[in-house]
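K.L.:
Sharing entry_2.txt (compact mmCIF, C-alpha atoms and all ligand atoms) below.
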```
# COMPACT_ATOMS: atom_id res chain seq x y z
CA MET A 1437 0.00 0.00 0.00
CA PRO A 1438 1.63 3.30 -1.06
CA LEU A 1439 2.49 5.74 1.69
CA TYR A 1440 2.40 9.46 0.93
CA SER A 1441 3.06 12.70 2.76
CA PHE A 1442 2.32 16.28 1.92
CA SER A 1443 5.98 17.14 1.40
CA GLN A 1444 6.33 14.12 -0.89
CA ILE A 1445 3.51 15.38 -3.08
CA GLN A 1446 4.96 18.90 -3.10
CA LYS A 1447 8.25 17.45 -4.28
CA TYR A 1448 6.47 15.78 -7.19
CA LEU A 1449 4.62 18.97 -8.10
CA ASN A 1450 7.83 21.02 -7.97
CA CYS A 1451 9.76 18.57 -10.12
CA PRO A 1452 8.66 15.03 -11.06
CA LEU A 1453 12.26 14.05 -11.83
CA SER A 1454 13.64 15.07 -8.43
CA TYR A 1455 10.71 13.15 -6.90
CA LYS A 1456 11.80 10.07 -8.85
CA PHE A 1457 15.42 10.44 -7.73
CA TYR A 1458 14.38 10.69 -4.10
CA TYR A 1459 11.36 8.41 -3.71
CA VAL A 1460 11.60 5.90 -6.55
CA ASP A 1461 15.34 5.48 -7.00
CA GLY A 1462 16.03 6.06 -3.29
CA LYS A 1463 18.87 8.52 -3.93
CA LYS A 1464 18.51 10.46 -0.71
CA PRO A 1465 20.95 13.33 -0.22
CA GLU A 1466 22.65 13.46 3.13
CA TRP A 1467 21.35 16.18 5.39
CA GLU A 1468 23.90 18.21 7.20
CA GLU A 1469 22.88 19.84 10.43
CA ASN A 1470 22.79 23.64 9.99
CA LEU A 1471 21.53 26.63 11.91
CA HIS A 1472 18.25 26.90 10.01
CA LEU A 1473 17.45 23.26 10.65
CA ILE A 1474 18.40 23.42 14.34
CA LEU A 1475 16.33 26.52 14.93
CA TRP A 1476 13.33 25.08 13.15
CA THR A 1477 13.52 21.86 15.19
CA GLU A 1478 14.20 23.56 18.50
CA VAL A 1479 11.45 26.14 18.21
CA HIS A 1480 8.97 23.37 17.42
CA SER A 1481 10.27 21.32 20.37
CA ALA A 1482 10.08 24.30 22.73
CA LEU A 1483 6.47 25.04 21.73
CA GLU A 1484 5.64 21.36 22.04
CA TRP A 1485 7.03 21.40 25.58
CA LEU A 1486 5.05 24.58 26.37
CA TYR A 1487 1.72 23.14 25.26
CA ASN A 1488 2.32 19.83 26.98
CA GLU A 1489 2.84 21.79 30.19
CA ILE A 1490 -0.36 23.74 29.61
CA ASN A 1491 -2.22 20.50 29.00
CA ASN A 1492 -1.05 19.37 32.42
CA PHE A 1493 -2.54 22.52 34.01
CA ARG A 1494 0.85 24.21 34.44
CA LYS A 1495 1.69 27.64 33.08
CA PRO A 1496 5.44 27.93 32.73
CA ALA A 1497 7.03 31.38 32.89
CA TYR A 1498 8.63 32.66 29.71
CA LYS A 1499 12.12 32.18 31.18
CA GLN A 1500 11.45 28.45 31.58
CA LEU A 1501 10.40 28.19 27.94
CA GLU A 1502 13.51 30.04 26.83
CA GLN A 1503 15.66 27.74 28.92
CA VAL A 1504 14.17 24.63 27.31
CA PHE A 1505 14.99 26.13 23.92
CA LEU A 1506 18.49 27.27 24.87
CA ASN A 1507 19.55 23.98 26.43
CA SER A 1508 18.95 22.09 23.27
CA PHE A 1509 19.98 24.84 20.87
CA ASN A 1510 23.34 25.43 22.55
CA LYS A 1511 24.13 21.74 22.65
CA LYS A 1512 23.46 21.29 18.93
CA SER A 1513 24.89 24.57 17.65
CA SER A 1514 28.19 24.01 19.52
CA LYS A 1515 28.83 21.08 17.18
CA LEU A 1516 28.55 23.31 14.10
CA ASP A 1517 31.48 24.95 12.46
CA GLU A 1518 29.89 28.41 12.53
CA GLU A 1519 31.09 31.87 13.50
CA PRO A 1520 29.87 32.81 17.02
CA GLU A 1521 28.35 36.03 15.56
CA LYS A 1522 26.26 33.99 13.15
CA ILE A 1523 25.00 31.74 15.97
CA GLU A 1524 24.23 34.81 18.07
CA GLU A 1525 22.27 36.35 15.19
CA PHE A 1526 20.05 33.28 14.88
CA LEU A 1527 19.65 33.07 18.60
CA THR A 1528 18.47 36.66 18.89
CA ARG A 1529 16.02 36.12 16.10
CA TRP A 1530 14.49 33.03 17.64
CA LYS A 1531 14.39 34.31 21.20
CA TYR A 1532 12.37 37.17 19.82
CA TYR A 1533 9.96 34.79 18.02
CA LEU A 1534 9.39 32.75 21.16
CA LYS A 1535 8.93 35.81 23.36
CA SER A 1536 6.43 37.52 21.09
CA PHE A 1537 4.53 34.25 20.66
CA TYR A 1538 4.44 33.68 24.40
CA ASP A 1539 3.31 37.24 25.21
CA LYS A 1540 0.60 37.12 22.58
CA HIS A 1541 -0.96 33.89 23.84
CA TYR A 1542 -0.42 34.17 27.57
CA PRO A 1543 -2.32 33.07 29.77
CA PHE A 1544 -3.24 30.24 27.33
CA GLU A 1545 -6.81 29.86 28.51
CA ASP A 1546 -9.82 27.95 27.17
CA ILE A 1547 -7.72 25.52 25.22
CA LYS A 1548 -7.42 21.80 25.56
CA VAL A 1549 -4.46 20.45 23.66
CA VAL A 1550 -5.28 17.17 21.92
CA TRP A 1551 -1.92 16.54 20.24
CA THR A 1552 1.44 18.24 19.86
CA GLU A 1553 3.99 17.23 17.22
CA VAL A 1554 2.37 13.92 16.56
CA ARG A 1555 3.15 11.71 13.56
CA LEU A 1556 0.02 10.18 12.12
CA THR A 1557 -0.61 7.59 9.47
CA ILE A 1558 -4.10 7.03 8.16
CA ASP A 1559 -5.92 5.65 5.13
CA LEU A 1560 -7.20 8.70 3.36
CA TRP A 1561 -8.41 6.93 0.23
CA ASP A 1562 -8.72 3.28 -0.78
CA ASN A 1563 -5.31 1.63 -0.58
CA ILE A 1564 -3.46 4.90 -0.13
CA LYS A 1565 -1.93 5.74 3.22
CA PHE A 1566 -1.04 9.27 4.13
CA GLN A 1567 1.31 10.34 6.90
CA TRP A 1568 2.13 13.68 8.44
CA ILE A 1569 3.14 15.51 11.56
CA ILE A 1570 0.66 17.87 13.14
CA ASP A 1571 2.31 20.71 15.06
CA ARG A 1572 -0.68 21.07 17.36
CA LEU A 1573 -4.33 20.07 17.57
CA ASP A 1574 -6.49 21.89 20.12
CA LYS A 1575 -10.06 21.54 21.21
CA LYS A 1576 -11.97 24.66 22.11
CA GLN A 1577 -15.52 23.84 23.22
CA ASP A 1578 -16.73 21.55 20.43
CA ASN A 1579 -14.44 23.00 17.77
CA PHE A 1580 -11.06 21.61 16.72
CA ILE A 1581 -8.14 23.84 15.75
CA LEU A 1582 -5.21 22.64 13.66
CA THR A 1583 -2.13 24.80 14.19
CA ASP A 1584 0.98 24.91 12.06
CA TYR A 1585 4.00 27.06 12.94
CA LYS A 1586 5.81 28.64 10.03
CA THR A 1587 9.35 29.70 10.71
CA ASN A 1588 10.55 30.94 7.34
CA LYS A 1589 11.22 34.52 6.43
CA ASN A 1590 9.14 34.54 3.21
CA LEU A 1591 6.13 36.73 3.27
CA PRO A 1592 3.10 34.52 4.05
CA PRO A 1593 1.11 35.07 0.80
CA GLU A 1594 3.85 33.33 -1.20
CA ASP A 1595 3.03 29.86 0.07
CA LYS A 1596 -0.32 30.52 1.60
CA THR A 1597 -2.40 28.33 -0.70
CA LEU A 1598 -0.03 25.46 -0.13
CA TYR A 1599 -0.27 25.75 3.64
CA GLU A 1600 -4.02 26.15 3.50
CA GLU A 1601 -4.33 22.97 1.44
CA GLN A 1602 -2.05 21.11 3.84
CA LEU A 1603 -4.16 21.95 6.89
CA THR A 1604 -7.36 21.25 4.97
CA LEU A 1605 -6.10 17.75 4.21
CA TYR A 1606 -5.27 17.25 7.88
CA GLY A 1607 -8.82 18.41 8.64
CA LEU A 1608 -10.09 15.27 6.93
CA TRP A 1609 -8.28 13.16 9.45
CA VAL A 1610 -9.69 15.21 12.36
CA LYS A 1611 -13.15 14.73 10.92
CA GLN A 1612 -12.70 10.97 10.58
CA LYS A 1613 -11.31 10.59 14.08
CA TYR A 1614 -13.31 13.04 16.17
CA TRP A 1615 -16.60 13.36 14.30
CA LYS A 1616 -18.50 12.44 17.49
CA TYR A 1617 -17.28 15.53 19.37
CA LEU A 1618 -16.96 17.83 16.45
CA ASN A 1619 -18.80 20.97 15.45
CA LYS A 1620 -16.31 22.88 13.31
CA ILE A 1621 -12.67 22.56 12.29
CA TYR A 1622 -10.41 25.59 12.02
CA GLY A 1623 -7.01 26.08 10.46
CA ASN A 1624 -4.49 28.27 12.26
CA LEU A 1625 -1.26 29.27 10.54
CA VAL A 1626 1.21 31.02 12.80
CA TYR A 1627 3.97 32.93 10.99
CA LEU A 1628 6.47 33.49 13.79
CA HIS A 1629 8.73 35.84 11.88
CA PHE A 1630 5.95 38.24 10.92
CA GLU A 1631 3.82 37.79 14.03
CA ILE A 1632 0.92 37.06 11.72
CA GLN A 1633 -1.80 34.54 12.40
CA ASP A 1634 -4.21 33.22 9.76
CA PHE A 1635 -7.30 31.65 11.22
CA TRP A 1636 -10.15 30.25 9.12
CA GLU A 1637 -12.83 27.60 9.09
CA ILE A 1638 -12.00 24.43 7.15
CA THR A 1639 -15.31 23.72 5.50
CA GLU A 1640 -16.66 20.37 4.40
CA GLN A 1641 -16.74 21.53 0.78
CA ARG A 1642 -13.09 22.61 0.86
CA MET A 1643 -12.06 19.29 2.41
CA GLN A 1644 -13.77 17.41 -0.40
CA GLU A 1645 -12.15 19.62 -3.07
CA ILE A 1646 -8.66 19.23 -1.62
CA SER A 1647 -9.12 15.52 -1.00
CA GLU A 1648 -10.12 15.05 -4.65
CA LYS A 1649 -7.21 17.16 -5.87
CA TYR A 1650 -4.58 15.24 -3.89
CA LYS A 1651 -6.13 11.90 -4.64
CA ASN A 1652 -5.77 12.63 -8.36
CA ILE A 1653 -2.15 13.68 -7.89
CA VAL A 1654 -1.38 10.48 -5.99
CA LEU A 1655 -3.05 8.39 -8.69
CA GLU A 1656 -0.99 10.22 -11.32
CA ILE A 1657 2.23 9.48 -9.41
CA GLU A 1658 1.26 5.82 -9.07
CA GLN A 1659 0.64 5.63 -12.82
CA LYS A 1660 4.02 7.28 -13.55
CA LYS A 1661 5.73 4.79 -11.27
CA ALA A 1662 4.16 1.89 -13.16
CA GLU A 1663 5.17 3.39 -16.51
CA TYR A 1664 8.70 4.02 -15.25
CA ASN A 1665 9.09 0.51 -13.87
CA LEU A 1666 7.67 -1.17 -16.95
CA TRP A 1667 8.73 0.71 -20.03
CA ASP A 1668 9.20 4.47 -19.87
CA GLU A 1669 12.43 5.73 -18.33
CA ASP A 1670 11.29 9.32 -19.02
CA ALA A 1671 7.98 8.95 -17.18
CA PHE A 1672 9.11 11.55 -14.63
CA PRO A 1673 10.08 14.68 -16.60
CA THR A 1674 12.20 17.63 -15.47
CA THR A 1675 10.36 20.59 -14.00
CA SER A 1676 8.93 23.28 -16.24
CA ASP A 1677 9.66 25.88 -13.55
CA THR A 1678 13.44 25.98 -13.25
CA SER A 1679 13.34 28.20 -10.17
CA HIS A 1680 13.10 24.88 -8.29
CA CYS A 1681 16.51 23.90 -9.66
CA ARG A 1682 18.40 26.53 -7.70
CA PHE A 1683 18.85 24.52 -4.54
CA CYS A 1684 18.31 21.07 -6.04
CA ASP A 1685 20.59 18.29 -4.78
CA TYR A 1686 20.38 16.36 -8.04
CA LYS A 1687 22.02 18.76 -10.47
CA GLU A 1688 24.95 16.41 -11.04
CA ILE A 1689 22.65 13.67 -12.32
CA CYS A 1690 19.85 15.78 -13.80
CA PRO A 1691 19.88 15.90 -17.63
CA LEU A 1692 19.40 19.68 -17.47
CA PHE A 1693 22.64 20.28 -15.56
CA ALA A 1694 24.74 17.10 -15.48
CA HIS A 1695 26.82 18.10 -18.48
CA GLN A 1696 28.23 21.05 -16.52
CA PHE A 1697 29.82 18.58 -14.12
CA TRP A 1698 31.46 16.33 -16.70
CA SER A 1699 35.20 15.95 -16.75
CA ILE A 1700 37.02 15.82 -20.10
CA ASP A 1701 37.21 12.01 -19.89
CA ASP A 1702 33.41 11.76 -19.88
CA PHE A 1703 32.97 13.17 -23.38
CA GLU A 1704 32.26 10.50 -26.00
CA LEU A 1705 33.06 12.96 -28.76
CA PRO A 1706 36.32 14.84 -28.43
CA ASP A 1707 35.83 17.59 -25.90
CA ASP A 1708 36.92 20.30 -28.33
CA MET A 1709 34.50 19.13 -30.93
CA VAL A 1710 31.46 19.27 -28.61
CA ARG A 1711 32.38 22.76 -27.44
CA LYS A 1712 32.92 23.92 -31.00
CA LEU A 1713 29.58 22.48 -32.10
CA ILE A 1714 27.76 24.15 -29.21
CA ASP A 1715 29.30 27.53 -30.08
CA GLU A 1716 28.55 27.08 -33.75
CA TYR A 1717 24.96 26.02 -33.11
CA VAL A 1718 24.27 29.02 -30.86
CA GLN A 1719 25.89 31.41 -33.36
CA LEU A 1720 23.97 30.01 -36.32
CA ASN A 1721 20.73 30.09 -34.41
CA LYS A 1722 21.33 33.73 -33.57
CA GLN A 1723 22.13 34.50 -37.19
CA LYS A 1724 18.93 32.72 -38.20
CA LYS A 1725 16.93 35.03 -35.94
CA ASP A 1726 18.74 38.10 -37.31
CA ILE A 1727 18.02 36.94 -40.86
CA GLU A 1728 14.36 36.41 -40.02
CA ASN A 1729 14.13 39.93 -38.60
CA THR A 1730 15.75 41.45 -41.69
CA LEU A 1731 13.49 39.40 -43.96
CA ASN A 1732 10.41 40.68 -42.13
CA GLN A 1733 11.55 44.29 -42.35
CA ASN A 1734 12.33 43.96 -46.07
CA LYS A 1735 9.00 42.24 -46.65
CA GLU A 1736 7.09 45.10 -45.06
CA ILE A 1737 8.85 47.75 -47.18
CA LEU A 1738 8.42 45.80 -50.42
CA ILE A 1739 4.72 45.11 -49.75
CA LYS A 1740 4.16 48.83 -49.10
CA PHE A 1741 5.95 49.66 -52.33
CA ALA A 1742 3.90 47.13 -54.36
CA LYS A 1743 0.64 48.24 -52.79
CA LYS A 1744 1.31 51.91 -53.42
CA ASN A 1745 2.07 51.22 -57.09
CA LYS A 1746 -0.77 48.68 -57.50
CA LEU A 1747 1.66 45.89 -58.47
CA LYS A 1748 1.14 42.17 -57.89
CA LYS A 1749 4.65 41.15 -58.90
CA ILE A 1750 7.94 43.05 -58.58
CA TYR A 1751 11.17 42.33 -60.49
CA TRP A 1752 14.90 42.93 -60.26
CA ASN A 1753 17.48 41.22 -62.48
CA GLU A 1754 16.45 37.58 -62.82
CA ASN A 1755 14.61 37.66 -59.43
CA ASN A 1756 10.94 38.38 -58.88
CA LEU A 1757 8.53 38.38 -55.97
CA SER A 1758 4.75 37.94 -56.07
CA VAL A 1759 2.56 39.80 -53.62
CA VAL A 1760 0.26 37.16 -52.18
CA ASN A 1761 -2.88 37.95 -50.26
CA TYR A 1762 -2.94 35.49 -47.36
CA LYS A 1763 -6.28 35.13 -45.61
CA TRP A 1764 -6.98 33.50 -42.30
CA VAL A 1765 -9.88 33.05 -39.96
CA LYS A 1766 -9.85 33.60 -36.24
CA ILE A 1767 -12.63 31.83 -34.37
CA LEU A 1768 -14.17 34.04 -31.71
CA ASN A 1769 -16.92 31.77 -30.44
CA LYS A 1770 -16.31 28.10 -31.10
CA ASP A 1771 -19.64 26.82 -29.76
CA LYS A 1772 -21.76 29.29 -31.69
CA LEU A 1773 -19.79 28.59 -34.84
CA LYS A 1774 -20.35 24.86 -34.48
CA GLU A 1775 -24.05 25.45 -33.93
CA LYS A 1776 -24.28 27.62 -37.00
CA LEU A 1777 -22.39 25.21 -39.24
CA GLU A 1778 -24.42 22.28 -37.99
CA LYS A 1779 -27.63 24.07 -38.95
CA LEU A 1780 -26.22 24.71 -42.40
CA TRP A 1781 -25.04 21.06 -42.71
CA PHE A 1782 -21.40 22.18 -43.13
CA LEU A 1783 -19.98 21.08 -39.82
CA LYS A 1784 -18.47 17.84 -41.14
CA ASP A 1785 -16.66 19.76 -43.89
CA VAL A 1786 -14.68 21.87 -41.44
CA LEU A 1787 -14.13 19.44 -38.58
CA GLU A 1788 -10.51 18.56 -38.15
CA VAL A 1789 -8.78 16.28 -35.68
CA ASP A 1790 -6.65 18.28 -33.26
CA ARG A 1791 -3.13 16.81 -33.63
CA PHE A 1792 -1.92 18.26 -30.34
CA LYS A 1793 -4.81 16.83 -28.38
CA LEU A 1794 -4.31 13.49 -30.10
CA LYS A 1795 -0.62 13.52 -29.16
CA LYS A 1796 -1.56 14.26 -25.56
CA MET A 1797 -3.95 11.31 -25.56
CA ILE A 1798 -1.17 9.05 -26.80
CA ASP A 1799 1.33 10.48 -24.28
CA THR A 1800 -1.08 9.85 -21.44
CA TRP A 1801 -1.94 6.37 -22.67
CA LYS A 1802 -5.61 7.07 -23.31
CA ILE A 1803 -5.03 5.60 -26.74
CA THR A 1804 -1.98 3.74 -28.02
CA ASN A 1805 0.03 3.83 -31.22
CA THR A 1806 -1.02 0.28 -31.93
CA ASP A 1807 -4.71 1.26 -31.85
CA LEU A 1808 -3.94 3.75 -34.61
CA GLU A 1809 -1.52 1.64 -36.61
CA ASN A 1810 -1.46 2.61 -40.32
CA ILE A 1811 -3.75 5.54 -39.53
CA ILE A 1812 -1.22 7.89 -38.01
CA ASP A 1813 2.54 8.18 -38.06
CA TYR A 1814 3.87 8.82 -34.54
CA THR A 1815 7.54 9.68 -34.49
CA GLU A 1816 9.82 11.24 -31.91
CA THR A 1817 12.77 13.43 -32.80
CA LEU A 1818 15.15 15.30 -30.57
CA GLY A 1819 15.70 19.01 -31.11
CA LEU A 1820 17.83 21.76 -29.61
CA ARG A 1821 16.66 25.07 -28.23
S1 LIG B 1901 17.85 20.27 -11.26
FE1 LIG B 1901 15.79 21.03 -11.65
S2 LIG B 1901 14.95 19.71 -13.27
FE2 LIG B 1901 16.78 18.69 -12.41
S3 LIG B 1901 15.96 17.32 -10.87
FE3 LIG B 1901 16.51 19.21 -9.84
S4 LIG B 1901 14.64 20.46 -9.82
FE4 LIG B 1901 14.38 18.82 -11.31
```
Please render this file's structure as C-alpha cells.
Ligand code: SF4
P.N.:
Amino acid sequence: MPLYSFSQIQKYLNCPLSYKFYYVDGKKPEWEENLHLILWTEVHSALEWLYNEINNFRKPAYKQLEQVFLNSFNKKSSKLDEEPEKIEEFLTRWKYYLKSFYDKHYPFEDIKVVWTEVRLTIDLWDNIKFQWIIDRLDKKQDNFILTDYKTNKNLPPEDKTLYEEQLTLYGLWVKQKYWKYLNKIYGNLVYLHFEIQDFWEITEQRMQEISEKYKNIVLEIEQKKAEYNLWDEDAFPTTSDTSHCRFCDYKEICPLFAHQFWSIDDFELPDDMVRKLIDEYVQLNKQKKDIENTLNQNKEILIKFAKKNKLKKIYWNENNLSVVNYKWVKILNKDKLKEKLEKLWFLKDVLEVDRFKLKKMIDTWKITNTDLENIIDYTETLGLR
C-alpha cells in the first residue's frame, strides 16, 4: 500500500524528476545539520514542551520556555562549524519569536491540547496511506483547531495556498477521528517571523475539493511509477519551472545540468568538438533570428511599395517576388460557430482532428500507437533550443 506525505507530493509537483530520484530510485541526499534546521527543530520542540505543560494545568514562565529552547539549541549549535556572531544572530532572532509568541498567547486559557507534534498515518483513500506531523491540535468547546507554525522569512502570501491545502487535508483526518465531538474545524497558521496569524474555518466543501485534488495527484504518481518501472524511463520529466533547480541536490545527475559537471574524460566525442559544435549552433541560431528579422523588415517595405504602385509582382534582375494575399480566420466563439455550421449542414466539412490533443492522448496512454496503426505516423525526434 503506497504511503504518501504532503511534502512528498509537493516534491512531485515542484519537479517530477527530483521526486523520482528521491522516492523511486532512493537517492537520498545526506542532510547536514545547519543553523536553520536546528532553529526550526528547536522552536517546534520548545512550543511542544510549552503546550504539553499547559495541558497538564501548568503555566510555565517565559524564562522556563527560553531555557528549554536554549539547552537544546546550545548543545546542537556548539557542534557546528559556525562563526559565534552567526550563531548569536540566529539566537536573537528566535528568542524574539518565542517571546512575542508567548506574550501574545499568555495566559493560554480555554484551550485543551489534543496533540502536539504527533506523527500520524491514516488511510485517506482506498489503498493509499497518508502520513504527516501535526504541530498542534487543540479543542476549544466543540471545535477543533489545527495549528501549524511557520518559521521561514518569506512573506506569508507566497506559500499561503499550499499551507491552507495542507491543513485542509489534515482536517479530513480530524473529521474521521473526532466526528463524534466535532462541530467545526479551524485552520491556524502562525507565521512566527511576521507575528501574523491566519485563522479560518475548514469547510466540508473545501475538504472534499482538496481531497479530490490530492487523490488525483497520488493516482498520477502511481501511474508514472508503473510506466517508469515497466517501459518508460522518461515517465518523470524535469520541472517546467526551473526556479526549483536553484537549490536542487540532483544537479549532477539531472539531464538539465549534469553536463556542466562532466570531466574531459566523460565526453564520447572529443571535448573540443562538442564545445565547437555548441558555439557554432548558438551562433547560427542567432544569425537565423537576425536573418528572419531582416526578412520581415524587407517584406514590409516591399509590400508597401507594391501596394502603393498597385503591383502584384515586382522584379529585379532575374529575381521576382509575387505579392500574395494570405487570408486567415480567427474563431471568436467556437460553440456558436459549431451550432451555425451544424444548422447549415457544413460542420463535417470543417471538422478537423486536433493533432496536439491526439498527441496528448497518446502520451497519457488514453489511446496507443497500436490502436492507430497505419492511420497515423507517430515519431519522436530530438531538437535543440
Ligand atoms: S535540477 Fe531542476 S529539473 Fe533537475 S531534478 Fe533538480 S529540480 Fe528537477
K.L.:
Which value, in Å to one decimal, gives the distance between atom S3 of ligand LIG 1901 (chain B) and CA of Trp1467 in chain A?
P.N.:
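We find that atom S3 of ligand LIG 1901 (chain B) and CA of Trp1467 in chain A lie 17.2 Å from each other.
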K.L.:
So which residues touch range 1442-1450 of chain A within 7 Å, counting all atoms listed in the file, skipping near sequence neighbours fewer than 4 positions away, as a PDB file with C-alpha atoms, in the coordinates of the input?
P.N.:
```
ATOM      1  CA  TYR A1455      10.710  13.150  -6.900  1.00  0.00           C
ATOM      2  CA  GLN A1602      -2.050  21.110   3.840  1.00  0.00           C
ATOM      3  CA  THR A1675      10.360  20.590 -14.000  1.00  0.00           C
ATOM      4  CA  HIS A1680      13.100  24.880  -8.290  1.00  0.00           C
TER       5      HIS A1680
END
```
K.L.:
What gap, in Å, lies between CA of Val1549 in chain A and CA of Asp1574 in chain A?
P.N.:
4.3 Å
K.L.:
May I ask for the distance between CA of Leu1582 in chain A and CA of Ile1564 in chain A, given in Å to one decimal place?
P.N.:
22.5 Å
K.L.:
Let me see if you get this right: every residue at most 12 Å from ligand LIG 1901 (chain B), counting all atoms listed in the file, written as a PyMOL selection string.
P.N.:
chain A and resi 1446-1458+1463+1672-1696
K.L.:
Using all atoms listed in the file, what table do you get, as JSON lines, when you list each residue of range 1477-1563 of chain A with an atom no more than 12 Å from range 1613-1616 of chain A, its nearest pair of atoms, and their distance in Å rounded to one decimal, rows by chain then rising number?
P.N.:
```
{"residue": "A:Val1550", "atom": "CA", "partner": "A:Tyr1614", "partner_atom": "CA", "distance": 10.7}
{"residue": "A:Leu1556", "atom": "CA", "partner": "A:Lys1613", "partner_atom": "CA", "distance": 11.5}
{"residue": "A:Ile1558", "atom": "CA", "partner": "A:Lys1613", "partner_atom": "CA", "distance": 10.0}
{"residue": "A:Asp1559", "atom": "CA", "partner": "A:Lys1613", "partner_atom": "CA", "distance": 11.6}
{"residue": "A:Leu1560", "atom": "CA", "partner": "A:Lys1613", "partner_atom": "CA", "distance": 11.6}
```
K.L.:
Could those selected residues go to a file with C-alpha atoms, as a PDB file, in the frame of the given file?
P.N.:
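Result file part_14.pdb:
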```pdb
ATOM      1  CA  VAL A1550      -5.280  17.170  21.920  1.00  0.00           C
ATOM      2  CA  LEU A1556       0.020  10.180  12.120  1.00  0.00           C
ATOM      3  CA  ILE A1558      -4.100   7.030   8.160  1.00  0.00           C
ATOM      4  CA  ASP A1559      -5.920   5.650   5.130  1.00  0.00           C
ATOM      5  CA  LEU A1560      -7.200   8.700   3.360  1.00  0.00           C
TER       6      LEU A1560
END
```
K.L.:
Could you name the residues that touch Ile1523 in chain A at 12 Å or less, counting only C-alpha atoms, but leaving out those on the same chain fewer than 3 positions away, as a PyMOL selection string?
P.N.:
chain A and resi 1470-1472+1474-1475+1506+1509-1510+1512-1520+1526-1530
K.L.:
Of the residues A:Val1504, A:Ala1497, A:Ala1671, A:Ala1742, which is the one nearest to Glu1658 in chain A, using only C-alpha atoms?
P.N.:
A:Ala1671
K.L.:
So, with all atoms listed in the file as the atoms that count, which of A:Leu1618, A:Leu1598, A:Leu1777, A:Ile1490 lies closest to Phe1544 in chain A?
P.N.:
A:Ile1490
K.L.:
Counting all atoms listed in the file, select every polymer residue within 12 Å of (10.4, 25.3, 22.3) as defined in the file's coordinates, and provide the selection as a PyMOL selection string.
P.N.:
chain A and resi 1474-1489+1496+1498-1509+1530-1531+1533-1535+1537-1538+1552-1553+1571+1585
K.L.:
The selected residues should be written to file as a JSON list (two decimals), in the coordinates of the input (atoms: C-alpha atoms).
P.N.:
```json
[["chain", "number", "residue", "atom", "x", "y", "z"],
["A", 1474, "ILE", "CA", 18.40, 23.42, 14.34],
["A", 1475, "LEU", "CA", 16.33, 26.52, 14.93],
["A", 1476, "TRP", "CA", 13.33, 25.08, 13.15],
["A", 1477, "THR", "CA", 13.52, 21.86, 15.19],
["A", 1478, "GLU", "CA", 14.20, 23.56, 18.50],
["A", 1479, "VAL", "CA", 11.45, 26.14, 18.21],
["A", 1480, "HIS", "CA", 8.97, 23.37, 17.42],
["A", 1481, "SER", "CA", 10.27, 21.32, 20.37],
["A", 1482, "ALA", "CA", 10.08, 24.30, 22.73],
["A", 1483, "LEU", "CA", 6.47, 25.04, 21.73],
["A", 1484, "GLU", "CA", 5.64, 21.36, 22.04],
["A", 1485, "TRP", "CA", 7.03, 21.40, 25.58],
["A", 1486, "LEU", "CA", 5.05, 24.58, 26.37],
["A", 1487, "TYR", "CA", 1.72, 23.14, 25.26],
["A", 1488, "ASN", "CA", 2.32, 19.83, 26.98],
["A", 1489, "GLU", "CA", 2.84, 21.79, 30.19],
["A", 1496, "PRO", "CA", 5.44, 27.93, 32.73],
["A", 1498, "TYR", "CA", 8.63, 32.66, 29.71],
["A", 1499, "LYS", "CA", 12.12, 32.18, 31.18],
["A", 1500, "GLN", "CA", 11.45, 28.45, 31.58],
["A", 1501, "LEU", "CA", 10.40, 28.19, 27.94],
["A", 1502, "GLU", "CA", 13.51, 30.04, 26.83],
["A", 1503, "GLN", "CA", 15.66, 27.74, 28.92],
["A", 1504, "VAL", "CA", 14.17, 24.63, 27.31],
["A", 1505, "PHE", "CA", 14.99, 26.13, 23.92],
["A", 1506, "LEU", "CA", 18.49, 27.27, 24.87],
["A", 1507, "ASN", "CA", 19.55, 23.98, 26.43],
["A", 1508, "SER", "CA", 18.95, 22.09, 23.27],
["A", 1509, "PHE", "CA", 19.98, 24.84, 20.87],
["A", 1530, "TRP", "CA", 14.49, 33.03, 17.64],
["A", 1531, "LYS", "CA", 14.39, 34.31, 21.20],
["A", 1533, "TYR", "CA", 9.96, 34.79, 18.02],
["A", 1534, "LEU", "CA", 9.39, 32.75, 21.16],
["A", 1535, "LYS", "CA", 8.93, 35.81, 23.36],
["A", 1537, "PHE", "CA", 4.53, 34.25, 20.66],
["A", 1538, "TYR", "CA", 4.44, 33.68, 24.40],
["A", 1552, "THR", "CA", 1.44, 18.24, 19.86],
["A", 1553, "GLU", "CA", 3.99, 17.23, 17.22],
["A", 1571, "ASP", "CA", 2.31, 20.71, 15.06],
["A", 1585, "TYR", "CA", 4.00, 27.06, 12.94]]
```
K.L.:
Identify, on the basis of only C-alpha atoms, every residue whose closest approach to range 1637-1644 of chain A does not exceed 12 Å; exclude the query and any residue fewer than 6 positions from it along the same chain; express the result as number ranges by chain.
P.N.:
A: 1560-1561, 1579-1582, 1600-1612, 1619-1625, 1650-1651
K.L.:
With C-alpha atoms retained, export the selected residues as a compact mmCIF listing (two decimals), keeping the file's coordinate frame.
P.N.:
```
# COMPACT_ATOMS: atom_id res chain seq x y z
CA LEU A 1560 -7.20 8.70 3.36
CA TRP A 1561 -8.41 6.93 0.23
CA ASN A 1579 -14.44 23.00 17.77
CA PHE A 1580 -11.06 21.61 16.72
CA ILE A 1581 -8.14 23.84 15.75
CA LEU A 1582 -5.21 22.64 13.66
CA GLU A 1600 -4.02 26.15 3.50
CA GLU A 1601 -4.33 22.97 1.44
CA GLN A 1602 -2.05 21.11 3.84
CA LEU A 1603 -4.16 21.95 6.89
CA THR A 1604 -7.36 21.25 4.97
CA LEU A 1605 -6.10 17.75 4.21
CA TYR A 1606 -5.27 17.25 7.88
CA GLY A 1607 -8.82 18.41 8.64
CA LEU A 1608 -10.09 15.27 6.93
CA TRP A 1609 -8.28 13.16 9.45
CA VAL A 1610 -9.69 15.21 12.36
CA LYS A 1611 -13.15 14.73 10.92
CA GLN A 1612 -12.70 10.97 10.58
CA ASN A 1619 -18.80 20.97 15.45
CA LYS A 1620 -16.31 22.88 13.31
CA ILE A 1621 -12.67 22.56 12.29
CA TYR A 1622 -10.41 25.59 12.02
CA GLY A 1623 -7.01 26.08 10.46
CA ASN A 1624 -4.49 28.27 12.26
CA LEU A 1625 -1.26 29.27 10.54
CA TYR A 1650 -4.58 15.24 -3.89
CA LYS A 1651 -6.13 11.90 -4.64
```
